[in-house]
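Visitor: Starting off with a structure, shown below.
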Amino acid sequence: MSKTLVDIQGLSKHFQLGGGRVLKAVQNFTLDIKQGETVGLVGESGCGKTTAGRTIMRLYEPTAGSMIYDGVDITKLSKRQFKAYRRRMQMIFQDPYASLNPRLTVLDIIGEALDIHGLTHSKAERKRRVEELLELVGLNAEHASRYPHEFSGGQRQRIGITRALAVQPEFVVCDEPISALDVSIQAQIVNQLIELQKKLSLTYLFVAHDLSMVKYVSDRVAVMYLGKIVELATSEELYDNPQHPYTQALLSAIPEPDPSAAREKERIVLSGDLPSPINPPSGCPFRTRCPAATEKCAAEVPELRETRNGHWAACHYA
Amino acid sequence: MNTPDMMRDDNPFAPLRKDATAGEKITRKSLTAWQDIWYRLKGNKLAMFGLWVIVAVVLLAIFIPVFSPFSHDTNELANKNAAPSWTHWFGTDNLGRDMLVRTMTGAQISLFVGVMAAIIDFFIGIIYGAIMGYFGGKVDEIMNRISEILYAVPNLLVTILLLVVMEPSLTTIIVAMSITGWINMAWIVRGQMISLKNQEYALASQVLGAGHMRILFRHLIPNAMGPIIVTVTLSVPSAIFTEAFLSFLGLGVQSPKASWGTMISDSIGAMTLFPWRLFFPAFFLSLTMFAFNVLGDGLRDAFDPKLKK
Amino acid sequence: MTTLLEVKDLSVSFDVFGGEVQAIRNVNLDVKKGEAVAIVGESGSGKSVTAQTVMRLIAMPPGRIKNGQILFEGQDLLKLSEKDMQKIRGNKIGMIFQDPMTSLNPTMTVGKQISEGLIKHQGLSKSEAKERAIEMLKLVGIPTPEARYKQYPHEFSGGMRQRVMIAIALACNPALLIADEPTTALDVTIQAQILRLMKKLQEQLDTSIILITHDLGIVADVCDRVMVMYAGQIVESGTKEEIFANPSHPYTKGLLNSLPKLSQRKDEPLIPIHGTPPDLIAPPPGCGFCDRCPYAMNICATTPPEVTDLGGSHKVRCWLQDPRAQSDKKTEVGV
């Protein structure tokens with residue numbers, strides 16, 4: 001087994017909303033990511049998966065918990081000390097329309113990464129490096145002088161990937177990198193990400209809400225609900241043998257592009273909506289929508305425990 | 001099946017030879033954001049009218065006093081209150097001074113005041129607003145409170161008090177207007193910073209390790225330029241108007257210099273007898289204000305990304 | 001079954017700086033009574049423009065209807081005055097939009113927004129309209145409808161708002177419901193609820209549906225017939241069985257291939273469609289998909305393909321169906 005690159009222990013992020021209300025966006029998030037692995041993080045909007053990704057990138061200061069990156073607890077580092085780690089961990093964003101500064105050319109967008117860390121020493125070298133990077137994702141030198149609005153969504157997302165890779169990171173948080181893209185383009189980007197992972201030996205945390213895509217790209221998948229990880233397993237295991245009722249419902253809700261499968265499939269349609277994370281239910285967060293909830297679920301918070309080898313679930317009845 | 005004929009390039013049903021990047025071509029002409037805005041502004045007739053009026057007024061203000069045989073303080077007491085004629089196109093005033101030249105030197109002063117006030121607002125407003133909006137939290141709260149207190153003090157009161165303490169002069173007027181004038185700009189910039197700092201490109205820059213200065217000046221302020229420019233454009237006419245108002249009250253530039261405001265003030269008593277003395281400065285004042293306002297509105301539309309297709 | 005809506009040879013353009021964007025080009029489609037038809041395509045393919053043109057919601061200018069007819073119950077909607085059109089919109093044709101957060105008026109109670117149309121179109125009195133509105137809220141599965149009637153949109157969650165939108169759209173018992181990406185902004189578990197609701201209501205009320213979506217999974221779930229749009233044209237149409245079992249246009253096939261199956265492993269790569277869709281300010285002279293098509297032939301770059309009838313209701317717009325095209329290629333695409 002390869003070594004653990006990122007070890008997140010009990011990470012929490014709470015937001016003060018004023019009026020004494022606290023939004024517990026991420027609670028007690030514990031996850032280890034091994035070198036060269038892809039871990040998927042799925043959940044519905046508002047479940048805290050994006051906040052988790054951003055807290056890991058230290059865009060938000062964590063409320064509690066630690067994050068050991070390659071042996072060093074980076075939550076304890078000062079801003080200055082942390083800058084060195086910025087080169088090693090990068091992020092790909094969700095919205096290809098909002099993640100590129102519309103006032104800059106592609107050359108300057110990608111060049112900024114090189115400038116900040118002083119990776120190139122002359123204008124010509126900077127330009128050459130940007131062009132090399134663009135070729136890595138199937139774009140070419142001609143694209144460097146253009147502005148973001150001239151590109152399609154897929155092309156922009158590739159520019160965003162290039163920017164993240166310009167500093168040669170080893171760990172990349174992909175925050176819903178394909179959810180804003182058209183179906184025919186999603187596969188391009190996913191293939192690209194997998195290919196780059198092999199070529200540059202990257203480690204990914206792949207945040208998404210599209211389960212079939214997450215299952216496809218990830219080695220292991222963590223399912224989040226209302227700020228907590230409710231299930232964690234290898235992707236095969238999770239899809240073949242989901243233990244948490246929420247995971248089961250999520251899996252069954254995926255519409256499949258096959259009429260015969262659609263007809264046979266017995267859907268578990270959850271009733272009700274996601275409860276507010278400001279005022280979460282007592283006990284198990286999922287109990288208000290769970291078809292199998294009992295009194296125990298309201299009284300006791302289920303811990304995330306290993307139900308089988310490498311398969312973790314936070315349900316009293318798993 | 002695969003006859004040799006089938007594979008020939010001139011056969012319409014032979015496989016098409018394509019460049020590997022055929023699907024990545026960009027067919028549309030490259031336009032920078034500024035070109036794009038200019039083209040949209042050009043399509044707005046009223047805004048373009050405003051722009052040309054401003055250009056024309058500026059050119060007239062510069063060249064008429066240079067080429068005219070009269071100057072703004074040449075008295076022709078024998079020819080006072082003359083009606084417009086071939087020699088004096090706009091007539092003369094109560095001291096026989098040529099109204100055309102005086103209206104244009106007045107334009108110089110009014111435009112100078114307007115532009116200077118706008119430039120000062122621009123710099124103070126951007127810096128103050130950017131710091132408030134970007135850093136947020138306590139910094140924002142304290143700075144915002146200060147600006148609110150300043151804003152609550154009646155503008156005119158500050159100006160008049162200042163004019164009492166300092167000599168009435170152009171500088172005094174500009175300083176007086178700038179004391180509170182930048183607040184509006186600061187608030188606009190603050191709002192922009194608050195919404196832009198959470199844009200993913202700003203986060204991306206932060207993830208790359210960029211410092212505050214880089215994020216502010218390379219990412220946030222350039223993207224806030226639209227509303228900033230609109231605010232600047234609209235603050236010019238308001239400064240011109242304030243100056244005219246102060247001059248009307250006798251607190252503005254002193255004779256023999258004249259701004260539109262002083263000219264209007266001087267002529268108001270003789271309005272029924274010599275209407276041209278009121279008409280020309282008032283007309284140019286209104287025209288210029290109108291031009292800046294429609295240009296500002298046009299710029300707002302041109303910058304609005306919602307209309308972009 | 002009688003035909004409810006027939007769109008004939010419709011072309012719509014938008015005049016923008018630098019030219020004319022030909023958003024849809026010669027679109028033909030028909031919807032029968034009680035049928036659910038899906039229009040599938042990616043952003044910019046013209047699917048939403050088609051729907052908005054049917055509702056006459058295109059802003060003109062910059063929009064311009066170049067040619068075509070939209071026959072609804074035999075009447076050409078394009079010839080109606082705006083006033084007559086208002087009697088159809090929301091009354092005989094209902095519409096649901098993508099974003100339930102912005103398509104409701106935040107300053108009006110939900111109940112008022114439902115009953116408004118009833119009073120206007122059906123001439124109901126205030127109390128009758130209220131009664132019917134509460135009935136509609138109950139029908140779309142909103143608990144405690146009497147209390148909810150008096151609430152404002154911000155008091156509803158995303159899924160609940162989309163239910164309210166459906167209630168508004170169906171209040172006047174329209175013959176046709178146009179749903180433009182009704183579940184795109186919603187989470188999977190909520191999406192499943194809304195789709196189930198739409199299916200149930202369609203059966204109950206015998207409404208025809210045009211469902212606009214980019215998600216082939218939803219299509220397989222809800223619809224009877226499918227139209228695949230690409231670059232402003234319908235490139236393939238047929239029953240969902242025909243399309244899914246035998247996709248005949250390389251684009252349709254590409255779309256199906258680029259989705260991962262739940263059983264697909266990481267070492268089996270996805271088959272993406274390379275490149276990006278053409279810019280419709282200068283549509284390619286031949287087939288719109290030519291640049292991205294792995295089977296493109298010389299003729300595809302120069303001459304637009306005609307529609308070929310494949311039997312049943314299955315139609316495709318592709319040169320590979322031409323008898324002169326190499327037959328081995330055709331089978332490669334066909335399966």
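The chains in the structure tokens are called A, B, ... from first to last as shown; in each chain the residues are counted from 1, and the ligands are counted from 1 in the order shown.
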Within 7 Å of Arg97 of chain B, counting only C-alpha atoms, which residues qualify if same-chain residues fewer than 4 places away don't, as a PyMOL selection string?
Guide: chain B and resi 72-76+92-93
Visitor: Include C-alpha atoms and write out the residues we just selected as a PDB file, in the first residue's frame.
Guide:
ATOM      1  CA  HIS B  72     -13.267  87.114 -20.735  1.00  0.00           C
ATOM      2  CA  ASP B  73     -12.433  90.390 -19.001  1.00  0.00           C
ATOM      3  CA  THR B  74     -12.406  92.834 -21.947  1.00  0.00           C
ATOM      4  CA  ASN B  75     -14.937  95.509 -21.057  1.00  0.00           C
ATOM      5  CA  GLU B  76     -16.804  97.407 -23.731  1.00  0.00           C
ATOM      6  CA  THR B  92     -22.528  90.892 -24.048  1.00  0.00           C
ATOM      7  CA  ASP B  93     -23.102  91.210 -20.306  1.00  0.00           C
TER       8      ASP B  93
END
Visitor: Using DSSP assignments from the backbone, pull out every residue in segment 29-170 of chain C that falls under strand (DSSP E) and give it to me as a PyMOL selection string.
Guide: chain C and resi 29-32+36-40+63-72+75-76+93-96
Visitor: Report the residues of segment 59-291 of chain B whose backbone DSSP state falls under helix (DSSP H, G or I), written as a ChimeraX atom specification.
Guide: /B:59-67,77-79,99-135,137-152,155-165,170-196,200-207,212-248,260-270,275-291
Visitor: Nearest residue to Thr180 of chain B out of B:Ile120, B:Val164, B:Leu60, B:Ala224, using only C-alpha atoms?
Guide: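 Checking each of B:Ile120, B:Val164, B:Leu60, B:Ala224 against Thr180 of chain B, counting only C-alpha atoms, the winner is B:Ile120.
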Visitor: Could you pull the residues within 8 Å of segment 213-227 of chain A, counting only C-alpha atoms, minus those fewer than 2 positions along the same chain, as a compact mmCIF listing (two decimals) with C-alpha atoms, in the first residue's frame?
Guide:
# COMPACT_ATOMS: atom_id res chain seq x y z
CA LYS A 24 -22.02 23.73 11.08
CA ALA A 25 -21.04 23.22 7.47
CA VAL A 26 -18.52 20.47 8.10
CA GLN A 27 -18.38 18.39 11.27
CA GLU A 37 -5.33 7.67 -5.12
CA THR A 38 -8.58 9.33 -6.13
CA VAL A 39 -11.08 9.78 -3.34
CA GLY A 40 -14.56 10.85 -4.37
CA LEU A 41 -16.67 13.05 -2.13
CA VAL A 42 -20.36 13.04 -3.00
CA GLY A 43 -23.45 14.61 -1.58
CA GLU A 44 -26.27 16.96 -2.44
CA GLY A 46 -25.63 22.14 1.00
CA CYS A 47 -24.12 18.96 2.43
CA GLY A 48 -20.81 20.70 3.01
CA LYS A 49 -18.68 18.97 0.40
CA VAL A 190 -12.77 13.27 -16.98
CA ILE A 194 -7.39 10.52 -15.43
CA PHE A 206 -12.87 14.56 -6.47
CA ALA A 208 -19.09 16.00 -7.10
CA HIS A 209 -22.78 15.26 -6.92
CA ASP A 210 -22.89 13.02 -9.98
CA LEU A 211 -22.61 9.53 -8.56
CA ILE A 229 -19.43 11.65 6.24
CA VAL A 230 -22.08 8.95 6.45
CA GLU A 231 -20.37 6.25 4.42
CA LEU A 232 -16.89 5.52 3.08
CA ALA A 233 -15.81 2.53 1.01
CA THR A 234 -14.04 1.55 -2.17
CA SER A 235 -16.16 2.59 -5.11
CA GLU A 236 -16.96 -1.00 -6.15
CA LEU A 238 -20.04 1.20 -2.17
CA TYR A 239 -22.03 0.65 -5.33
CA THR A 247 -26.41 6.02 -0.08
CA LEU A 274 -32.74 18.34 3.18
CA PRO A 275 -33.10 19.73 6.75
CA PRO A 277 -27.82 22.64 8.58
CA PRO A 280 -30.06 19.87 12.20
CA PRO A 285 -28.91 13.67 10.61
CA PHE A 286 -30.68 11.52 8.04
CA LEU C 259 -21.85 8.61 -19.96
CA PRO C 260 -20.23 6.15 -17.58
CA LEU C 262 -22.56 2.20 -13.21
CA GLN C 264 -17.91 0.73 -15.89
CA ARG C 265 -14.41 0.40 -14.41
CA LYS C 266 -11.74 3.07 -14.36
Visitor: Ranking B:Val165, B:Leu208, B:Val101, B:Ile188 by minimum distance to Gln90 of chain A and counting only C-alpha atoms, which one comes first?
Guide: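 Smallest distance to Gln90 of chain A is found for B:Leu208.
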Visitor: Select from chain C every residue with an atom at most 8 Å from any atom of chain A, then for each give the shortest pair of atoms and their distance in Å to one decimal, using only C-alpha atoms, rows by chain and rising number, as JSON lines.
Guide:
{"residue": "C:Glu42", "atom": "CA", "partner": "A:Asp182", "partner_atom": "CA", "distance": 5.7}
{"residue": "C:Ser43", "atom": "CA", "partner": "A:Asp182", "partner_atom": "CA", "distance": 6.8}
{"residue": "C:Ser157", "atom": "CA", "partner": "A:Asp273", "partner_atom": "CA", "distance": 7.4}
{"residue": "C:Gly159", "atom": "CA", "partner": "A:Asp273", "partner_atom": "CA", "distance": 7.4}
{"residue": "C:Asp187", "atom": "CA", "partner": "A:Glu44", "partner_atom": "CA", "distance": 5.7}
{"residue": "C:Val188", "atom": "CA", "partner": "A:Ala253", "partner_atom": "CA", "distance": 6.1}
{"residue": "C:Thr189", "atom": "CA", "partner": "A:Ala253", "partner_atom": "CA", "distance": 5.9}
{"residue": "C:Ile190", "atom": "CA", "partner": "A:Asp273", "partner_atom": "CA", "distance": 7.3}
{"residue": "C:Ala192", "atom": "CA", "partner": "A:Ala253", "partner_atom": "CA", "distance": 5.8}
{"residue": "C:Gln193", "atom": "CA", "partner": "A:Val269", "partner_atom": "CA", "distance": 6.2}
{"residue": "C:His214", "atom": "CA", "partner": "A:Val183", "partner_atom": "CA", "distance": 7.2}
{"residue": "C:Asp215", "atom": "CA", "partner": "A:Val183", "partner_atom": "CA", "distance": 7.7}
{"residue": "C:Leu216", "atom": "CA", "partner": "A:Pro257", "partner_atom": "CA", "distance": 5.1}
{"residue": "C:Gly217", "atom": "CA", "partner": "A:Pro257", "partner_atom": "CA", "distance": 3.9}
{"residue": "C:Ile218", "atom": "CA", "partner": "A:Pro255", "partner_atom": "CA", "distance": 5.6}
{"residue": "C:Val219", "atom": "CA", "partner": "A:Pro257", "partner_atom": "CA", "distance": 7.2}
{"residue": "C:Ala220", "atom": "CA", "partner": "A:Pro259", "partner_atom": "CA", "distance": 4.7}
{"residue": "C:Asp221", "atom": "CA", "partner": "A:Ala262", "partner_atom": "CA", "distance": 5.7}
{"residue": "C:Lys240", "atom": "CA", "partner": "A:Pro259", "partner_atom": "CA", "distance": 7.1}
{"residue": "C:Glu241", "atom": "CA", "partner": "A:Pro259", "partner_atom": "CA", "distance": 6.7}
{"residue": "C:Phe244", "atom": "CA", "partner": "A:Asp258", "partner_atom": "CA", "distance": 6.4}
{"residue": "C:Gly254", "atom": "CA", "partner": "A:Ser184", "partner_atom": "CA", "distance": 7.3}
{"residue": "C:Leu255", "atom": "CA", "partner": "A:Ser184", "partner_atom": "CA", "distance": 5.7}
{"residue": "C:Leu256", "atom": "CA", "partner": "A:Pro257", "partner_atom": "CA", "distance": 7.5}
{"residue": "C:Ser258", "atom": "CA", "partner": "A:Ala187", "partner_atom": "CA", "distance": 5.3}
{"residue": "C:Leu259", "atom": "CA", "partner": "A:Ala187", "partner_atom": "CA", "distance": 7.0}
{"residue": "C:Pro260", "atom": "CA", "partner": "A:Ser212", "partner_atom": "CA", "distance": 6.3}
{"residue": "C:Lys261", "atom": "CA", "partner": "A:Ser212", "partner_atom": "CA", "distance": 6.9}
{"residue": "C:Leu262", "atom": "CA", "partner": "A:Ser212", "partner_atom": "CA", "distance": 5.6}
{"residue": "C:Gln264", "atom": "CA", "partner": "A:Tyr216", "partner_atom": "CA", "distance": 6.5}
{"residue": "C:Arg265", "atom": "CA", "partner": "A:Tyr216", "partner_atom": "CA", "distance": 6.1}
{"residue": "C:Lys266", "atom": "CA", "partner": "A:Tyr216", "partner_atom": "CA", "distance": 5.5}
{"residue": "C:Pro269", "atom": "CA", "partner": "A:Asn191", "partner_atom": "CA", "distance": 6.8}
{"residue": "C:Leu270", "atom": "CA", "partner": "A:Ala187", "partner_atom": "CA", "distance": 6.1}
{"residue": "C:Ile271", "atom": "CA", "partner": "A:Ala187", "partner_atom": "CA", "distance": 6.9}
{"residue": "C:Pro272", "atom": "CA", "partner": "A:Ala187", "partner_atom": "CA", "distance": 4.9}
{"residue": "C:Ile273", "atom": "CA", "partner": "A:Ser184", "partner_atom": "CA", "distance": 5.6}
{"residue": "C:His274", "atom": "CA", "partner": "A:Gln188", "partner_atom": "CA", "distance": 6.9}
{"residue": "C:Thr276", "atom": "CA", "partner": "A:Ser152", "partner_atom": "CA", "distance": 7.0}
Visitor: Take the residues that were just selected and, keeping N, CA and C atoms, output them as a short mmCIF file (atom, residue, chain, number, x, y, z; two decimals), in the first residue's frame.
Guide:
data_model
loop_
_atom_site.label_atom_id
_atom_site.label_comp_id
_atom_site.auth_asym_id
_atom_site.auth_seq_id
_atom_site.Cartn_x
_atom_site.Cartn_y
_atom_site.Cartn_z
N GLU C 42 -27.26 19.84 -25.93
CA GLU C 42 -26.43 20.55 -24.96
C GLU C 42 -26.71 22.04 -25.03
N SER C 43 -26.04 22.79 -24.16
CA SER C 43 -26.31 24.22 -24.16
C SER C 43 -25.92 24.80 -25.52
N SER C 157 -38.52 25.39 0.01
CA SER C 157 -37.22 24.89 -0.45
C SER C 157 -37.25 24.77 -1.97
N GLY C 159 -37.01 22.23 -4.06
CA GLY C 159 -37.89 21.21 -4.60
C GLY C 159 -39.35 21.62 -4.46
N ASP C 187 -31.31 18.68 -6.62
CA ASP C 187 -30.49 17.53 -6.25
C ASP C 187 -31.14 16.23 -6.71
N VAL C 188 -30.29 15.19 -6.82
CA VAL C 188 -30.80 13.92 -7.34
C VAL C 188 -32.01 13.39 -6.62
N THR C 189 -31.98 13.45 -5.29
CA THR C 189 -33.12 12.86 -4.57
C THR C 189 -34.39 13.69 -4.80
N ILE C 190 -34.23 15.00 -4.93
CA ILE C 190 -35.38 15.86 -5.20
C ILE C 190 -35.82 15.70 -6.66
N ALA C 192 -35.69 13.06 -8.40
CA ALA C 192 -36.50 11.85 -8.51
C ALA C 192 -37.94 12.13 -8.09
N GLN C 193 -38.11 12.93 -7.03
CA GLN C 193 -39.47 13.28 -6.59
C GLN C 193 -40.24 14.03 -7.67
N HIS C 214 -30.81 17.97 -20.88
CA HIS C 214 -29.56 17.49 -21.46
C HIS C 214 -29.26 16.10 -20.90
N ASP C 215 -30.14 15.61 -20.04
CA ASP C 215 -29.85 14.38 -19.31
C ASP C 215 -30.60 13.21 -19.94
N LEU C 216 -29.86 12.33 -20.59
CA LEU C 216 -30.51 11.21 -21.25
C LEU C 216 -31.17 10.27 -20.25
N GLY C 217 -30.68 10.26 -19.03
CA GLY C 217 -31.27 9.42 -18.00
C GLY C 217 -32.72 9.79 -17.73
N ILE C 218 -32.98 11.11 -17.67
CA ILE C 218 -34.33 11.59 -17.42
C ILE C 218 -35.25 11.22 -18.57
N VAL C 219 -34.70 11.32 -19.78
CA VAL C 219 -35.47 11.01 -20.98
C VAL C 219 -35.98 9.58 -20.92
N ALA C 220 -35.04 8.68 -20.61
CA ALA C 220 -35.40 7.27 -20.58
C ALA C 220 -36.49 7.02 -19.55
N ASP C 221 -36.47 7.83 -18.51
CA ASP C 221 -37.40 7.66 -17.41
C ASP C 221 -38.82 8.13 -17.73
N LYS C 240 -38.38 6.42 -27.66
CA LYS C 240 -37.18 6.27 -26.83
C LYS C 240 -36.55 4.90 -27.04
N GLU C 241 -37.37 3.88 -27.31
CA GLU C 241 -36.81 2.56 -27.55
C GLU C 241 -35.93 2.59 -28.80
N PHE C 244 -32.66 4.67 -28.02
CA PHE C 244 -31.68 4.09 -27.10
C PHE C 244 -31.16 2.74 -27.59
N GLY C 254 -22.54 9.17 -29.61
CA GLY C 254 -21.47 9.76 -28.81
C GLY C 254 -21.95 10.18 -27.44
N LEU C 255 -23.15 10.76 -27.39
CA LEU C 255 -23.72 11.17 -26.10
C LEU C 255 -23.89 9.96 -25.18
N LEU C 256 -24.44 8.88 -25.74
CA LEU C 256 -24.67 7.69 -24.93
C LEU C 256 -23.35 7.09 -24.46
N SER C 258 -20.55 8.69 -23.90
CA SER C 258 -19.74 9.50 -23.00
C SER C 258 -20.26 9.45 -21.55
N LEU C 259 -21.37 8.78 -21.33
CA LEU C 259 -21.85 8.61 -19.96
C LEU C 259 -21.26 7.33 -19.38
N PRO C 260 -20.74 7.39 -18.17
CA PRO C 260 -20.23 6.15 -17.58
C PRO C 260 -21.40 5.27 -17.14
N LYS C 261 -21.31 3.99 -17.41
CA LYS C 261 -22.31 3.07 -16.86
C LYS C 261 -21.92 2.81 -15.41
N LEU C 262 -22.89 2.46 -14.61
CA LEU C 262 -22.56 2.20 -13.21
C LEU C 262 -21.58 1.04 -13.08
N GLN C 264 -19.15 0.47 -15.17
CA GLN C 264 -17.91 0.73 -15.89
C GLN C 264 -16.73 0.92 -14.94
N ARG C 265 -15.59 0.29 -15.28
CA ARG C 265 -14.41 0.40 -14.41
C ARG C 265 -13.50 1.50 -14.93
N LYS C 266 -12.59 1.93 -14.04
CA LYS C 266 -11.74 3.07 -14.36
C LYS C 266 -10.78 2.76 -15.52
N PRO C 269 -11.69 3.38 -20.59
CA PRO C 269 -11.89 4.83 -20.71
C PRO C 269 -13.26 5.17 -21.28
N LEU C 270 -13.77 6.33 -20.93
CA LEU C 270 -15.00 6.83 -21.53
C LEU C 270 -14.68 7.21 -22.97
N ILE C 271 -15.68 7.17 -23.81
CA ILE C 271 -15.45 7.59 -25.20
C ILE C 271 -16.07 8.97 -25.37
N PRO C 272 -15.26 10.02 -25.28
CA PRO C 272 -15.84 11.36 -25.37
C PRO C 272 -16.09 11.76 -26.82
N ILE C 273 -16.86 12.82 -26.99
CA ILE C 273 -16.95 13.44 -28.31
C ILE C 273 -15.90 14.54 -28.29
N HIS C 274 -14.98 14.49 -29.21
CA HIS C 274 -13.90 15.48 -29.18
C HIS C 274 -14.39 16.84 -29.66
N THR C 276 -15.53 20.98 -29.70
CA THR C 276 -16.63 21.75 -29.13
C THR C 276 -17.66 22.04 -30.21
#
Visitor: Specify as a PDB file with C-alpha atoms, in the first residue's frame all residues of chain C found within 6 Å of chain B, counting only C-alpha atoms.
Guide:
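Generated output (out_18.pdb):
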ATOM      1  CA  GLY C 275     -13.926  19.199 -29.836  1.00  0.00           C
ATOM      2  CA  THR C 276     -16.630  21.749 -29.132  1.00  0.00           C
ATOM      3  CA  ASP C 291     -15.917  18.681 -37.205  1.00  0.00           C
ATOM      4  CA  ARG C 292     -16.455  16.385 -34.217  1.00  0.00           C
ATOM      5  CA  ALA C 296     -17.141  12.280 -41.296  1.00  0.00           C
ATOM      6  CA  MET C 297     -16.897  12.013 -45.067  1.00  0.00           C
ATOM      7  CA  ASN C 298     -16.006  14.627 -47.639  1.00  0.00           C
ATOM      8  CA  ILE C 299     -19.615  15.346 -48.418  1.00  0.00           C
ATOM      9  CA  ALA C 325     -21.705   5.676 -47.992  1.00  0.00           C
TER      10      ALA C 325
END
Visitor: At a cut-off of 12 Å, using only C-alpha atoms, what residues contact Lys47 of chain C? Leave out same-chain residues fewer than 2 positions from it and give the result as an MDAnalysis selection string.
Guide: chainID C and resid 12 23:25 27 29 38:45 49:54 178:181 210:214 227:234
Visitor: Export, as a JSON list (two decimals), in the first residue's frame, the selected residues with C-alpha atoms.
Guide:
[["chain", "number", "residue", "atom", "x", "y", "z"],
["C", 12, "VAL", "CA", -34.98, 31.61, -35.51],
["C", 23, "ALA", "CA", -30.06, 29.54, -33.15],
["C", 24, "ILE", "CA", -32.46, 27.08, -34.77],
["C", 25, "ARG", "CA", -32.58, 26.05, -38.37],
["C", 27, "VAL", "CA", -36.87, 22.55, -37.02],
["C", 29, "LEU", "CA", -41.52, 18.52, -34.60],
["C", 38, "ALA", "CA", -38.15, 15.09, -24.94],
["C", 39, "ILE", "CA", -35.89, 17.54, -26.69],
["C", 40, "VAL", "CA", -32.33, 16.59, -25.81],
["C", 41, "GLY", "CA", -29.26, 18.64, -26.54],
["C", 42, "GLU", "CA", -26.43, 20.55, -24.96],
["C", 43, "SER", "CA", -26.31, 24.22, -24.16],
["C", 44, "GLY", "CA", -26.48, 26.26, -27.34],
["C", 45, "SER", "CA", -28.11, 23.47, -29.33],
["C", 49, "VAL", "CA", -35.00, 28.65, -28.09],
["C", 50, "THR", "CA", -37.40, 26.17, -29.68],
["C", 51, "ALA", "CA", -39.50, 26.04, -26.55],
["C", 52, "GLN", "CA", -39.43, 29.78, -26.04],
["C", 53, "THR", "CA", -40.45, 30.37, -29.63],
["C", 54, "VAL", "CA", -43.47, 28.12, -29.15],
["C", 178, "ILE", "CA", -43.37, 22.79, -21.63],
["C", 179, "ALA", "CA", -40.75, 21.95, -19.02],
["C", 180, "ASP", "CA", -37.39, 23.59, -19.69],
["C", 181, "GLU", "CA", -34.77, 21.67, -17.70],
["C", 210, "ILE", "CA", -42.37, 18.78, -23.99],
["C", 211, "LEU", "CA", -39.45, 18.09, -21.71],
["C", 212, "ILE", "CA", -36.26, 19.92, -22.49],
["C", 213, "THR", "CA", -33.19, 18.39, -20.95],
["C", 214, "HIS", "CA", -29.56, 17.49, -21.46],
["C", 227, "MET", "CA", -35.73, 14.55, -30.45],
["C", 228, "VAL", "CA", -31.98, 15.03, -30.35],
["C", 229, "MET", "CA", -30.88, 18.55, -31.22],
["C", 230, "TYR", "CA", -27.44, 19.63, -32.27],
["C", 231, "ALA", "CA", -26.25, 22.98, -33.60],
["C", 232, "GLY", "CA", -29.80, 24.26, -34.09],
["C", 233, "GLN", "CA", -31.18, 21.23, -35.89],
["C", 234, "ILE", "CA", -32.98, 18.07, -34.93]]
Visitor: Select, as a PyMOL selection string, those residues of chain A with any atom no more than 7 Å from chain B (distances computed using only C-alpha atoms).
Guide: chain A and resi 83+86-87+90+93+98-101+103+113+116+147
Visitor: Here is a test: counting only C-alpha atoms, which residue of C:Glu155, C:Asp9, C:Glu128, C:Asp30 is nearest to Glu116 of chain C?
Guide: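 Among C:Glu155, C:Asp9, C:Glu128, C:Asp30, it is C:Glu128 that comes nearest to Glu116 of chain C.
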Visitor: I need the residue nearest Phe292 of chain B from this list: B:Thr233, B:Leu246, B:Asp98, B:Ala61. Use only C-alpha atoms for the distance.
Guide: B:Thr233
Visitor: Near Thr171 of chain B, within 10 Å and counting only C-alpha atoms, which residues show up once chain neighbours fewer than 4 positions away are dropped, as an MDAnalysis selection string?
Guide: chainID B and resid 113 116 166:167 175:177 253
Visitor: Calculate how many Å separate atom CA of Thr159 of chain B from atom CA of Ala118 of chain B, rounding to one decimal.
Guide: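 Atom-to-atom, atom CA of Thr159 of chain B and atom CA of Ala118 of chain B are spaced 16.4 Å apart.
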